[in-house]
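Data block below; observations after.
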Amino acid sequence: MIPRPVRTREGNAAPWAGLDSDRRVLTLDEVRKRLALLPPPRPSEFDVAGSQDAAVLVLLFEERGEVHFVLTKRPETMPSHQGEIAFPGGKRDPVDVDLLAAALRETHEEIGVDACDVEVLGELDGISTVATRFTITPFVGVMGEPPTLVLDPREVAQALSVPISELLDPSVYREEQWELWGEWRPMAFFELEGETVWGATARILTGLLAFLVADR
């Protein structure tokens, strides 16, 4: 269940609401070219006292001429974010030389993808979570072919392969405005078949998708 605050209201339409259906399909080559223009990442818009550093990998691959995103569903047995849809990743451990290493290590542990098979194309803006106190650094990585996933059932209940055209369907996306800490804040949601993507994962997805289709 999504823990909505007492006061909510309807939000804005998807940033790509006016995009024609035939322009919602992007190839891996098109994504590469667009990410080459990615500006330097910005830190999280707000600091959370006592937060831990974490990193996630937005993993992309092409299948049937279209880019797909790899998402995971967290088991109900996890200590936080039970049953939520997420990107592979987690908190930085002492063994990680940097946040990228953390994202790649966690991706290997969770879904069995080796770091040597991933080409990292960029770093996205930082995201902070208040309830669980994480400062998340997202990285975008691509694979030359669809991955063979080996899931760790302790961390991943299910893996999803979602085509970009589905994520860019305006009927899949919606926004709510939530009153939090005395301000109205936008909250993004992606209504996939049987699952809702929200929270930090939806915020990362929204920013990346809007950048990829800008000026298309």
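Quick note on naming: the chains in the structure tokens go A, B, ... in the order shown, residues restart at 1 in each chain, and ligands are numbered from 1 in order of appearance.
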### Message
Can you pull out every residue from stretch 31-199 of chain A that DSSP, working from the backbone, puts in alpha helix (DSSP H), and format the result as a list in words?
### Response
Val31, Arg32, Lys33, Arg34, Leu35, Leu99, Leu100, Ala101, Ala102, Ala103, Leu104, Arg105, Glu106, Thr107, His108, Glu109, Glu110, Ile111, Ile164, Ser165, Glu166, Leu167 and Gly199 of chain A
#### Entry: 6 Å contact set for stretch 90-101 of chain A, only C-alpha atoms, chain neighbours under 3 positions out, as a ChimeraX atom specification
/A:53-55,104-105
### Message
Measuring between only C-alpha atoms, which one of A:Leu59, A:Ala36, A:Val31, A:Leu71 shows the shortest distance to A:Val156?
### Response
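The answer is A:Leu71, which sits nearest to A:Val156.
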### Message
Just want the 9 Å neighbourhood of stretch 48-52 of chain A, counted on only C-alpha atoms, with same-chain residues fewer than 2 positions away dropped. Output as a PyMOL selection string.
### Response
chain A and resi 46+54+91-92+128-130+132-136
With N, CA and C atoms retained, write the just-selected residues as a PDB file, in the first residue's frame.
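out27.pdb was written with the following content:
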ATOM      1  N   PHE A  46      17.664  18.205  -1.657  1.00  0.00           N
ATOM      2  CA  PHE A  46      17.641  18.462  -0.223  1.00  0.00           C
ATOM      3  C   PHE A  46      18.454  17.390   0.506  1.00  0.00           C
ATOM      4  N   ALA A  54      23.915   5.516  -1.396  1.00  0.00           N
ATOM      5  CA  ALA A  54      23.465   4.344  -2.139  1.00  0.00           C
ATOM      6  C   ALA A  54      23.563   4.648  -3.624  1.00  0.00           C
ATOM      7  N   LYS A  91      22.945   0.185  -0.904  1.00  0.00           N
ATOM      8  CA  LYS A  91      23.838   1.086  -0.193  1.00  0.00           C
ATOM      9  C   LYS A  91      25.304   0.758  -0.475  1.00  0.00           C
ATOM     10  N   ARG A  92      26.130   1.772  -0.365  1.00  0.00           N
ATOM     11  CA  ARG A  92      27.564   1.601  -0.580  1.00  0.00           C
ATOM     12  C   ARG A  92      28.177   0.861   0.602  1.00  0.00           C
ATOM     13  N   SER A 128      17.191  11.911  -2.889  1.00  0.00           N
ATOM     14  CA  SER A 128      17.178  11.599  -1.458  1.00  0.00           C
ATOM     15  C   SER A 128      15.832  11.012  -1.061  1.00  0.00           C
ATOM     16  N   THR A 129      15.866  10.052  -0.139  1.00  0.00           N
ATOM     17  CA  THR A 129      14.637   9.507   0.435  1.00  0.00           C
ATOM     18  C   THR A 129      14.603   9.895   1.908  1.00  0.00           C
ATOM     19  N   VAL A 130      13.451  10.381   2.340  1.00  0.00           N
ATOM     20  CA  VAL A 130      13.330  10.865   3.712  1.00  0.00           C
ATOM     21  C   VAL A 130      13.043   9.722   4.679  1.00  0.00           C
ATOM     22  N   THR A 132      13.532   6.411   4.521  1.00  0.00           N
ATOM     23  CA  THR A 132      14.594   5.421   4.726  1.00  0.00           C
ATOM     24  C   THR A 132      15.984   6.037   4.781  1.00  0.00           C
ATOM     25  N   ARG A 133      16.085   7.346   4.574  1.00  0.00           N
ATOM     26  CA  ARG A 133      17.331   8.095   4.748  1.00  0.00           C
ATOM     27  C   ARG A 133      18.476   7.562   3.868  1.00  0.00           C
ATOM     28  N   PHE A 134      18.227   7.581   2.574  1.00  0.00           N
ATOM     29  CA  PHE A 134      19.265   7.252   1.604  1.00  0.00           C
ATOM     30  C   PHE A 134      19.470   8.435   0.658  1.00  0.00           C
ATOM     31  N   THR A 135      20.723   8.661   0.262  1.00  0.00           N
ATOM     32  CA  THR A 135      21.047   9.582  -0.818  1.00  0.00           C
ATOM     33  C   THR A 135      21.504   8.724  -1.985  1.00  0.00           C
ATOM     34  N   ILE A 136      20.689   8.682  -3.038  1.00  0.00           N
ATOM     35  CA  ILE A 136      20.864   7.721  -4.123  1.00  0.00           C
ATOM     36  C   ILE A 136      21.506   8.387  -5.335  1.00  0.00           C
TER      37      ILE A 136
END
### Query
Excluding same-chain residues fewer than 6 positions from A:Phe61, what lies within 8 Å of it counting only C-alpha atoms, as number ranges by chain?
A: 28, 67-69, 142-147
### Task
Using only C-alpha atoms, determine which residues lie at most 8 Å from A:Thr72, disregarding the query and same-chain residues fewer than 4 positions distant; provide the list as a list in words.
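Counting only the stated atoms, we get Ile85, Ala86, Phe87, Pro88, Val156, Ala157, Gln158, Ala159 and Leu160 of chain A.
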Hey, can you spit out that residue selection with C-alpha atoms as a PDB file, in the first residue's frame?
ATOM      1  CA  ILE A  85       9.503  -1.878  -7.899  1.00  0.00           C
ATOM      2  CA  ALA A  86      13.104  -0.661  -7.995  1.00  0.00           C
ATOM      3  CA  PHE A  87      16.282  -0.484 -10.014  1.00  0.00           C
ATOM      4  CA  PRO A  88      19.073  -2.903  -9.115  1.00  0.00           C
ATOM      5  CA  VAL A 156      14.598  -9.869  -5.816  1.00  0.00           C
ATOM      6  CA  ALA A 157      11.192 -11.494  -6.071  1.00  0.00           C
ATOM      7  CA  GLN A 158      10.774 -10.790  -9.784  1.00  0.00           C
ATOM      8  CA  ALA A 159      12.518  -9.019 -12.658  1.00  0.00           C
ATOM      9  CA  LEU A 160      10.643  -6.930 -15.207  1.00  0.00           C
TER      10      LEU A 160
END
### Neighbour list for A:Arg9 as a PyMOL selection string, cut-off 10 Å, only C-alpha atoms, skip fewer than 2 positions in-chain
chain A and resi 7+11+175-179+184+186
### Task
Check the smallest atom-to-atom distance from each of A:Val162, A:Met1, A:Leu167, A:Leu208 to A:Glu84 using only C-alpha atoms, then report the winner.
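Smallest separation from A:Glu84 among the options: A:Met1.
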### Query
Pick the closest to A:Thr201 from A:Gly65, A:Glu183, A:Gly126, A:Val172: which is it, counting only C-alpha atoms?
A:Gly126
### Residues near A:Pro153, cut-off 12 Å, only C-alpha atoms, skip fewer than 4 positions along chain, as a list in words
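Everything that qualifies: Thr72, Lys73, Arg74, Pro75, Glu76, Thr77, Met78, Glu109, Glu110, Ile111, Gly112, Leu149, Ala157, Gln158 and Ala159 of chain A.
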### Query
Taking only C-alpha atoms into account, which of A:Val25, A:Ala103, A:Leu60, A:Ala214 comes nearest A:Leu168?
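Answer, going by the shortest atom-to-atom distance: A:Val25.
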### Task
Please run DSSP on the backbone and report, as a PyMOL selection string, all residues within stretch 62-126 of chain A that come out as strand (DSSP E or B).
chain A and resi 62-63+66-73+85-86+89-91+119-123
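Between atom CA of A:Glu63 and atom CA of A:Ala202 the interatomic distance comes to 22.5 Å.
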### Query
With only C-alpha atoms as the basis for distance, which of A:Phe211, A:Phe189, A:Phe139, A:Trp16 is at the shortest distance from A:Ser165?
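With only C-alpha atoms as the atom set, the closest residue is A:Trp16.
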#### Entry: One-decimal distance in Å that lies between atom CA of A:Arg174 and atom CA of A:Glu62
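We find that atom CA of A:Glu62 and atom CA of A:Arg174 lie 25.7 Å from each other.
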